[in-house]
$ cat upload-v3.txt   # compact mmCIF, C-alpha atoms
# COMPACT_ATOMS: atom_id res chain seq x y z
CA MET A 97 -12.88 -10.96 1.29
CA THR A 98 -11.39 -12.04 -2.04
CA TYR A 99 -10.39 -9.66 -4.82
CA THR A 100 -9.13 -9.87 -8.36
CA ILE A 101 -6.71 -7.06 -9.16
CA THR A 102 -5.59 -5.90 -12.59
CA HIS A 103 -2.73 -3.38 -12.66
CA ARG A 104 -1.78 -1.96 -16.04
CA THR A 105 1.25 0.33 -16.49
CA THR A 106 2.02 1.83 -19.92
CA TYR A 107 5.08 3.87 -20.89
CA ASP A 108 4.96 5.87 -24.14
CA TYR A 109 8.34 7.15 -25.37
CA THR A 110 8.94 10.06 -27.73
CA ALA A 111 11.96 8.30 -29.29
CA PRO A 112 12.84 4.64 -29.83
CA VAL A 113 14.26 2.67 -26.91
CA THR A 114 16.97 0.24 -27.98
CA VAL A 115 17.69 -1.53 -24.68
CA SER A 116 15.96 -1.31 -21.29
CA GLN A 117 16.36 -2.99 -17.94
CA HIS A 118 13.59 -2.91 -15.34
CA VAL A 119 12.57 -4.26 -11.97
CA ALA A 120 8.91 -4.66 -11.00
CA ARG A 121 7.55 -5.07 -7.46
CA LEU A 122 3.91 -5.83 -8.21
CA GLU A 123 3.23 -9.21 -6.64
CA PRO A 124 1.04 -9.02 -3.49
CA ARG A 125 2.61 -10.44 -0.35
CA ASN A 126 1.42 -13.28 1.81
CA THR A 127 0.85 -11.95 5.34
CA ASP A 128 -0.96 -13.00 8.50
CA ALA A 129 -4.09 -11.25 7.21
CA GLN A 130 -3.65 -11.83 3.47
CA GLU A 131 -3.22 -14.78 1.11
CA ARG A 132 -2.04 -14.45 -2.48
CA ASN A 133 -3.96 -17.09 -4.44
CA GLN A 134 -2.87 -16.28 -7.99
CA PHE A 135 -0.45 -13.94 -9.73
CA ALA A 136 0.50 -13.43 -13.38
CA LEU A 137 2.75 -10.82 -14.98
CA GLU A 138 2.68 -9.98 -18.70
CA ILE A 139 5.23 -7.69 -20.38
CA PHE A 140 5.10 -6.25 -23.90
CA PRO A 141 7.45 -6.34 -25.78
CA GLU A 142 8.47 -9.77 -24.61
CA PRO A 143 11.67 -9.55 -22.49
CA THR A 144 14.85 -11.23 -23.65
CA LEU A 145 15.72 -12.02 -20.03
CA ARG A 146 13.36 -12.39 -17.10
CA LYS A 147 14.20 -13.47 -13.54
CA VAL A 148 12.12 -13.58 -10.36
CA ARG A 149 13.61 -13.37 -6.87
CA MET A 150 12.95 -12.03 -3.38
CA ASP A 151 14.49 -8.73 -2.29
CA TYR A 152 16.04 -7.88 1.09
CA PHE A 153 12.66 -6.99 2.61
CA GLY A 154 10.96 -10.18 1.43
CA ASN A 155 9.13 -8.58 -1.49
CA GLN A 156 8.82 -10.55 -4.72
CA LEU A 157 10.44 -8.76 -7.63
CA CYS A 158 10.81 -9.46 -11.33
CA PHE A 159 13.93 -8.28 -13.16
CA PHE A 160 13.62 -8.13 -16.95
CA VAL A 161 15.56 -6.90 -19.98
CA ILE A 162 14.13 -5.85 -23.36
CA GLN A 163 16.60 -5.81 -26.25
CA GLU A 164 14.34 -4.99 -29.17
CA VAL A 165 13.58 -1.48 -30.37
CA HIS A 166 10.30 -0.20 -28.93
CA ARG A 167 8.40 3.01 -28.29
CA GLU A 168 5.90 1.60 -25.81
CA LEU A 169 6.25 -0.65 -22.78
CA GLU A 170 3.20 -2.27 -21.21
CA ILE A 171 3.25 -4.19 -17.92
CA ILE A 172 0.07 -5.98 -16.84
CA THR A 173 -0.41 -7.92 -13.62
CA LYS A 174 -3.40 -9.99 -12.62
CA SER A 175 -3.74 -11.13 -9.03
CA LYS A 176 -6.25 -12.90 -6.85
CA VAL A 177 -5.93 -12.13 -3.16
CA THR A 178 -7.93 -13.03 -0.05
CA VAL A 179 -7.83 -10.47 2.77
CA ARG A 180 -9.09 -11.24 6.26
CA GLU A 181 -10.31 -8.51 8.60
CA PRO A 182 -7.34 -7.93 10.94
CA LYS A 183 -7.83 -7.97 14.66
CA LEU A 184 -7.74 -4.32 15.72
CA SER A 185 -5.13 -3.60 18.36
CA ASP A 186 -6.04 -2.26 21.77
CA VAL A 187 -4.30 1.06 21.21
CA GLU A 188 -4.85 2.38 24.72
CA ASN A 189 -3.17 -0.63 26.33
CA SER A 190 -0.07 -0.65 24.14
CA PRO A 191 3.30 0.14 25.79
CA ALA A 192 4.26 3.76 26.46
CA TRP A 193 6.08 5.24 23.48
CA GLU A 194 9.15 6.11 25.60
CA GLU A 195 9.54 2.45 26.54
CA VAL A 196 9.31 1.43 22.89
CA ALA A 197 11.91 4.00 21.83
CA LYS A 198 14.19 2.87 24.66
CA LEU A 199 14.25 -0.67 23.23
CA PHE A 200 15.89 0.67 20.08
CA ARG A 201 18.80 2.51 21.65
CA ASP A 202 22.18 0.77 21.79
CA PRO A 203 22.63 -1.91 22.92
CA VAL A 204 19.68 -3.47 21.11
CA SER A 205 18.30 -6.86 22.15
CA PRO A 206 18.51 -9.62 19.49
CA GLU A 207 14.71 -9.97 19.73
CA VAL A 208 14.19 -6.56 18.11
CA VAL A 209 17.04 -6.46 15.60
CA GLY A 210 14.56 -6.85 12.72
CA PRO A 211 12.48 -3.75 13.53
CA TYR A 212 15.66 -1.85 14.51
CA GLN A 213 16.58 -1.24 10.86
CA PHE A 214 13.42 0.86 10.48
CA VAL A 215 14.48 3.40 13.12
CA PHE A 216 17.13 5.04 10.94
CA ASP A 217 16.95 7.67 8.20
CA SER A 218 16.43 6.35 4.67
CA PRO A 219 17.05 8.01 1.28
CA GLN A 220 13.64 9.71 1.14
CA VAL A 221 12.86 10.07 4.86
CA ASN A 222 15.01 11.99 7.35
CA ALA A 223 14.28 12.59 11.02
CA SER A 224 14.45 16.14 12.33
CA ALA A 225 13.75 18.27 15.39
CA GLU A 226 10.88 19.93 13.48
CA LEU A 227 9.23 16.57 12.88
CA ALA A 228 9.82 15.47 16.46
CA ASP A 229 8.04 18.64 17.60
CA TYR A 230 5.12 17.97 15.26
CA ALA A 231 4.86 14.37 16.44
CA GLY A 232 5.25 15.41 20.07
CA LYS A 233 1.75 16.90 20.12
CA SER A 234 0.46 13.33 19.84
CA PHE A 235 3.01 11.77 22.18
CA ALA A 236 2.83 13.35 25.62
CA GLY A 237 4.57 11.58 28.49
CA ASN A 238 3.60 7.89 28.85
CA THR A 239 1.22 8.00 25.86
CA PRO A 240 0.62 4.44 24.58
CA VAL A 241 2.58 4.10 21.36
CA LEU A 242 -0.41 2.97 19.27
CA ALA A 243 -2.72 5.62 20.73
CA GLY A 244 -0.14 8.28 19.89
CA THR A 245 0.24 6.89 16.37
CA GLN A 246 -3.51 6.89 15.92
CA ASP A 247 -3.67 10.55 16.93
CA LEU A 248 -0.73 11.42 14.66
CA THR A 249 -2.56 9.70 11.79
CA ARG A 250 -5.64 11.82 12.52
CA ARG A 251 -3.61 15.02 12.58
CA ILE A 252 -1.85 14.32 9.28
CA PHE A 253 -5.27 13.66 7.74
CA LYS A 254 -6.55 16.97 9.14
CA ASP A 255 -3.49 19.15 8.50
CA PHE A 256 -2.54 17.96 4.99
CA LYS A 257 -4.70 18.30 1.90
CA TYR A 258 -4.88 15.54 -0.71
CA ASP A 259 -3.73 17.18 -3.96
CA PRO A 260 -2.29 14.98 -6.73
CA LYS A 261 -1.01 18.06 -8.59
CA ALA A 262 1.03 19.36 -5.66
CA THR A 263 3.82 16.76 -5.71
CA THR A 264 5.57 14.12 -7.79
CA VAL A 265 7.35 10.92 -6.74
CA ALA A 266 10.54 13.03 -6.53
CA THR A 267 9.18 15.82 -4.29
CA PRO A 268 11.35 15.98 -1.14
CA LEU A 269 9.77 15.68 2.27
CA HIS A 270 10.60 19.24 3.33
CA GLU A 271 8.53 20.60 0.43
CA VAL A 272 5.57 18.43 1.43
CA LEU A 273 5.82 19.79 4.97
CA LYS A 274 5.92 23.35 3.65
CA LYS A 275 3.00 22.96 1.24
CA ARG A 276 0.91 20.73 3.52
CA ARG A 277 -0.30 19.05 0.33
CA GLY A 278 0.42 15.81 -1.46
CA VAL A 279 -0.72 12.24 -2.01
CA CYS A 280 -0.67 8.98 -0.08
CA GLN A 281 3.07 8.48 -0.65
CA ASP A 282 3.79 11.89 0.87
CA PHE A 283 1.51 11.36 3.87
CA ALA A 284 3.07 7.97 4.57
CA HIS A 285 6.52 9.57 4.46
CA VAL A 286 5.40 12.32 6.86
CA GLY A 287 4.13 9.75 9.36
CA ILE A 288 7.28 7.65 9.06
CA ALA A 289 9.56 10.66 9.51
CA CYS A 290 7.62 11.82 12.58
CA LEU A 291 7.80 8.45 14.30
CA ARG A 292 11.45 7.87 13.46
CA SER A 293 12.20 11.33 14.86
CA LEU A 294 10.99 9.93 18.19
CA GLY A 295 13.05 6.74 17.82
CA ILE A 296 10.11 4.47 16.97
CA PRO A 297 10.50 1.84 14.20
CA VAL A 298 8.13 2.35 11.27
CA ARG A 299 8.08 1.06 7.70
CA TYR A 300 6.50 2.08 4.39
CA VAL A 301 3.76 -0.14 2.93
CA SER A 302 2.66 -0.11 -0.70
CA GLY A 303 -0.47 -1.78 -2.00
CA TYR A 304 -3.99 -1.22 -3.24
CA LEU A 305 -7.15 0.23 -1.77
CA ARG A 306 -10.58 -0.98 -2.78
CA THR A 307 -12.63 2.13 -3.57
CA ARG A 308 -16.40 2.49 -3.70
CA PRO A 309 -18.29 4.78 -6.11
CA PRO A 310 -20.72 7.40 -4.77
CA GLU A 311 -24.18 6.04 -4.05
CA GLY A 312 -26.15 5.62 -7.26
CA LYS A 313 -23.06 5.93 -9.48
CA PRO A 314 -21.58 3.06 -11.52
CA ARG A 315 -18.17 1.72 -10.60
CA MET A 316 -15.50 2.93 -13.04
CA VAL A 317 -13.06 0.30 -14.32
CA GLY A 318 -9.50 1.34 -13.50
CA ALA A 319 -10.59 3.83 -10.84
CA ASP A 320 -9.00 1.92 -7.97
CA ALA A 321 -5.53 3.11 -7.13
CA SER A 322 -2.10 2.13 -5.99
CA HIS A 323 -1.91 3.20 -2.38
CA ALA A 324 0.58 3.70 0.46
CA TRP A 325 0.44 3.78 4.23
CA PHE A 326 2.80 3.00 7.11
CA SER A 327 3.24 0.33 9.75
CA VAL A 328 4.58 0.94 13.27
CA TYR A 329 6.26 -1.70 15.42
CA CYS A 330 4.63 -2.36 18.80
CA PRO A 331 6.37 -4.81 21.19
CA GLY A 332 4.09 -7.69 22.10
CA THR A 333 1.82 -7.02 19.13
CA GLY A 334 4.06 -6.71 16.08
CA TRP A 335 3.54 -4.44 13.10
CA VAL A 336 0.35 -2.35 13.13
CA ASP A 337 -0.80 -0.47 10.01
CA PHE A 338 -2.13 3.10 9.85
CA ASP A 339 -3.44 4.96 6.80
CA PRO A 340 -3.04 8.75 7.21
CA THR A 341 -4.60 9.49 3.81
CA ASN A 342 -7.93 8.18 5.07
CA ASN A 343 -7.44 8.40 8.86
CA ILE A 344 -8.09 4.69 9.40
CA GLN A 345 -6.39 1.48 10.38
CA PRO A 346 -6.23 -0.67 7.22
CA GLY A 347 -8.65 -3.57 7.08
CA GLU A 348 -10.21 -5.82 4.47
CA GLU A 349 -10.09 -3.19 1.73
CA HIS A 350 -6.31 -2.66 1.92
CA ILE A 351 -4.20 -5.10 -0.10
CA THR A 352 -0.48 -5.23 0.72
CA VAL A 353 2.12 -5.53 -2.04
CA ALA A 354 5.48 -4.54 -0.53
CA TYR A 355 7.33 -3.28 2.57
CA GLY A 356 10.39 -1.04 2.73
CA ARG A 357 12.07 1.91 4.40
CA ASP A 358 10.40 4.38 2.03
CA PHE A 359 8.92 4.57 -1.48
CA GLY A 360 12.32 4.02 -3.09
CA ASP A 361 12.43 0.47 -1.73
CA VAL A 362 9.01 -0.49 -3.11
CA SER A 363 8.61 1.48 -6.37
CA PRO A 364 6.22 -0.64 -8.50
CA VAL A 365 8.39 -0.29 -11.62
CA ALA A 366 11.89 1.16 -11.97
CA GLY A 367 14.48 0.91 -14.69
CA ILE A 368 17.19 2.32 -16.91
CA LEU A 369 17.13 2.51 -20.70
CA THR A 370 19.03 3.59 -23.79
CA GLY A 371 17.12 6.08 -25.92
CA GLY A 372 13.47 6.89 -25.37
CA GLY A 373 13.65 10.67 -25.11
CA GLN A 374 10.79 11.90 -22.92
CA HIS A 375 8.09 9.53 -21.72
CA ALA A 376 4.53 9.56 -20.45
CA VAL A 377 3.28 6.93 -18.03
CA LYS A 378 -0.31 5.78 -17.50
CA VAL A 379 -1.39 3.57 -14.62
CA ALA A 380 -4.79 1.92 -14.21
CA VAL A 381 -5.73 -0.34 -11.32
CA ASP A 382 -8.93 -2.34 -11.10
CA VAL A 383 -9.85 -4.05 -7.81
CA VAL A 384 -12.96 -6.21 -7.98
CA GLU A 385 -14.56 -8.21 -5.18
CA VAL A 386 -15.08 -11.82 -6.21
$ encode --input "upload-v3.txt" --output "structure tokens"
Amino acid sequence: MTYTITHRTTYDYTAPVTVSQHVARLEPRNTDAQERNQFALEIFPEPTLRKVRMDYFGNQLCFFVIQEVHRELEIITKSKVTVREPKLSDVENSPAWEEVAKLFRDPVSPEVVGPYQFVFDSPQVNASAELADYAGKSFAGNTPVLAGTQDLTRRIFKDFKYDPKATTVATPLHEVLKKRRGVCQDFAHVGIACLRSLGIPVRYVSGYLRTRPPEGKPRMVGADASHAWFSVYCPGTGWVDFDPTNNIQPGEEHITVAYGRDFGDVSPVAGILTGGGQHAVKVAVDVVEV
């Protein structure tokens, strides 16, 4: 399935900005199940300096500097991406979770050094005994790692309520656990923290989700959203994605943009600036099947 994606981010400042520096991670990745056919990034005002490079995790990023006075910043990306239906893993025949966790205890084999970095705590995700207990309900003795992850995904979907007013991008994980409310970023962090608490490698995935309007209703432009889910490492299979917000394994309607340890590694736009006062940000994403 091929999509065109338009992602528009607008910052409105209450005071003039004299200088700003930003980094954008908005370019969809090429993966085994996804091909990026086209990508264009427009920035207003026009940056004085603009450089594109790959970050540590293999995500494409654009660093740019604006040196003219402005009170609005607009970032628009246009992408064309082809997504193939991934082959669903045989969750019941995946290795037992204890065997997977054992692979990532010192000493670690060179074959799994890459996934090993996703076992540890990261700035926004910390393992804990509480999270290990929560995850443990899905991971009884000798439970296949993917079957346990599938059940954990189902339980997060059931136990946590989607509420965009309950959290912000800065809400710590312990508050999400207490409120049992949040958004896709929060639910991805919960899943990651649970699995890392058991010693299983898992990474954060940012991207887009193709949404469908209710039957008989017109599709609203800009109604599609930035989305987040997580990916667990399974020996012999590789990385397998799970979406706890929707209780599904991502397929043709999930479009991957970036990987990282948590949201902080894949924030779509981040920056520092001089001036600006307070700001309001508006984000609109439009995903259209070609």
$ atom_distance --input "upload-v3.txt" --atom1 "atom CA of Thr102 of chain A" --atom2 "atom CA of Lys174 of chain A"
4.6 Å
$ closest_residue --input "upload-v3.txt" --among "A:Ser205, A:Asn343, A:Ser363, A:Thr106" --to "Gly287 of chain A" --atoms "only C-alpha atoms"
A:Asn343
$ closest_residue --input "upload-v3.txt" --among "A:Val384, A:Leu169, A:Cys330, A:Val353" --to "Pro143 of chain A" --atoms "only C-alpha atoms"
A:Leu169
$ closest_residue --input "upload-v3.txt" --among "A:Arg121, A:Arg132, A:Lys313, A:Arg276" --to "Phe359 of chain A" --atoms "only C-alpha atoms"
A:Arg121
$ closest_residue --input "upload-v3.txt" --among "A:Asp337, A:Asp358, A:Gln156, A:Glu271" --to "Ser218 of chain A" --atoms "all atoms listed in the file"
A:Asp358
$ atom_distance --input "upload-v3.txt" --atom1 "atom CA of Thr341 of chain A" --atom2 "atom CA of Ala136 of chain A"
29.1 Å
$ residues_around --input "upload-v3.txt" --residues "Ser185 of chain A" --least-positions-apart "5" --cutoff "9 Å" --atoms "all atoms listed in the file" --output "PyMOL selection string"
chain A and resi 190+242+333+336
$ atom_distance --input "upload-v3.txt" --atom1 "atom CA of Phe214 of chain A" --atom2 "atom CA of Pro124 of chain A"
21.1 Å
$ closest_residue --input "upload-v3.txt" --among "A:Ile344, A:Val177, A:Phe159, A:Gly278" --to "Thr100 of chain A" --atoms "only C-alpha atoms"
A:Val177
$ residues_around --input "upload-v3.txt" --residues "Thr110 of chain A" --least-positions-apart "4" --cutoff "12 Å" --atoms "all atoms listed in the file" --output "list in words"
His166, Arg167, Glu168, Gly371, Gly372, Gly373, Gln374, His375, Ala376 and Val377 of chain A
$ residues_around --input "upload-v3.txt" --residues "Cys290 of chain A" --least-positions-apart "5" --cutoff "12 Å" --atoms "all atoms listed in the file" --output "JSON, numbers by chain"
{"A": [215, 216, 217, 221, 222, 223, 224, 225, 226, 227, 228, 229, 230, 231, 232, 233, 234, 235, 244, 245, 248, 249, 251, 252, 269, 273, 283, 284, 285, 295, 296, 297, 298, 299, 326, 328]}
$ residues_around --input "upload-v3.txt" --residues "Glu348 of chain A" --least-positions-apart "4" --cutoff "9 Å" --atoms "all atoms listed in the file" --output "number ranges by chain"
A: 97, 129-130, 178-182, 306
$ residues_around --input "upload-v3.txt" --residues "Gln117 of chain A" --least-positions-apart "3" --cutoff "6 Å" --atoms "all atoms listed in the file" --output "PDB file with C-alpha atoms, in the coordinates of the input"
ATOM      1  CA  PHE A 160      13.620  -8.130 -16.950  1.00  0.00           C
ATOM      2  CA  VAL A 161      15.560  -6.900 -19.980  1.00  0.00           C
ATOM      3  CA  GLY A 367      14.480   0.910 -14.690  1.00  0.00           C
ATOM      4  CA  ILE A 368      17.190   2.320 -16.910  1.00  0.00           C
TER       5      ILE A 368
END
$ closest_residue --input "upload-v3.txt" --among "A:Gly303, A:Pro219, A:Gly154, A:Gly360" --to "Asp339 of chain A" --atoms "all atoms listed in the file"
A:Gly303
$ build_atoms --input "upload-v3.txt" --residues "segment 189-216 of chain A" --atoms "N, CA and C atoms" --output "compact mmCIF listing (two decimals), in the coordinates of the input"
# COMPACT_ATOMS: atom_id res chain seq x y z
N ASN A 189 -3.93 0.25 25.44
CA ASN A 189 -3.17 -0.63 26.33
C ASN A 189 -1.84 -1.06 25.74
N SER A 190 -1.40 -0.39 24.69
CA SER A 190 -0.07 -0.65 24.14
C SER A 190 0.99 0.01 25.02
N PRO A 191 2.25 -0.42 24.92
CA PRO A 191 3.30 0.14 25.79
C PRO A 191 3.48 1.65 25.56
N ALA A 192 3.96 2.34 26.58
CA ALA A 192 4.26 3.76 26.46
C ALA A 192 5.32 3.96 25.38
N TRP A 193 5.18 5.03 24.62
CA TRP A 193 6.08 5.24 23.48
C TRP A 193 7.53 5.39 23.93
N GLU A 194 7.77 5.97 25.13
CA GLU A 194 9.15 6.11 25.60
C GLU A 194 9.80 4.75 25.82
N GLU A 195 9.01 3.79 26.31
CA GLU A 195 9.54 2.45 26.54
C GLU A 195 9.87 1.76 25.23
N VAL A 196 9.04 2.01 24.22
CA VAL A 196 9.31 1.43 22.89
C VAL A 196 10.59 2.02 22.32
N ALA A 197 10.71 3.35 22.36
CA ALA A 197 11.91 4.00 21.83
C ALA A 197 13.17 3.53 22.56
N LYS A 198 13.05 3.29 23.86
CA LYS A 198 14.19 2.87 24.66
C LYS A 198 14.73 1.52 24.19
N LEU A 199 13.83 0.65 23.71
CA LEU A 199 14.25 -0.67 23.23
C LEU A 199 15.20 -0.57 22.04
N PHE A 200 15.14 0.56 21.32
CA PHE A 200 15.89 0.67 20.08
C PHE A 200 17.06 1.65 20.20
N ARG A 201 17.55 1.80 21.42
CA ARG A 201 18.80 2.51 21.65
C ARG A 201 19.87 1.49 21.97
N ASP A 202 21.09 1.72 21.54
CA ASP A 202 22.18 0.77 21.79
C ASP A 202 22.38 0.56 23.29
N PRO A 203 22.64 -0.68 23.73
CA PRO A 203 22.63 -1.91 22.92
C PRO A 203 21.21 -2.41 22.67
N VAL A 204 21.00 -3.00 21.51
CA VAL A 204 19.68 -3.47 21.11
C VAL A 204 19.60 -4.98 21.31
N SER A 205 18.50 -5.43 21.91
CA SER A 205 18.30 -6.86 22.15
C SER A 205 18.16 -7.61 20.82
N PRO A 206 18.67 -8.83 20.73
CA PRO A 206 18.51 -9.62 19.49
C PRO A 206 17.06 -9.81 19.08
N GLU A 207 16.13 -9.76 20.04
CA GLU A 207 14.71 -9.97 19.73
C GLU A 207 14.12 -8.86 18.87
N VAL A 208 14.75 -7.68 18.87
CA VAL A 208 14.19 -6.56 18.11
C VAL A 208 15.15 -6.04 17.04
N VAL A 209 16.10 -6.87 16.64
CA VAL A 209 17.04 -6.46 15.60
C VAL A 209 16.31 -6.21 14.28
N GLY A 210 15.30 -7.04 13.97
CA GLY A 210 14.56 -6.85 12.72
C GLY A 210 13.92 -5.48 12.62
N PRO A 211 13.08 -5.08 13.58
CA PRO A 211 12.48 -3.75 13.53
C PRO A 211 13.50 -2.62 13.64
N TYR A 212 14.65 -2.89 14.26
CA TYR A 212 15.66 -1.85 14.51
C TYR A 212 16.08 -1.14 13.22
N GLN A 213 16.13 -1.86 12.11
CA GLN A 213 16.58 -1.24 10.86
C GLN A 213 15.62 -0.15 10.37
N PHE A 214 14.40 -0.12 10.91
CA PHE A 214 13.42 0.86 10.48
C PHE A 214 13.36 2.09 11.41
N VAL A 215 14.37 2.22 12.26
CA VAL A 215 14.48 3.40 13.12
C VAL A 215 15.28 4.50 12.42
N PHE A 216 16.16 4.11 11.51
CA PHE A 216 17.13 5.04 10.94
C PHE A 216 16.59 5.82 9.74
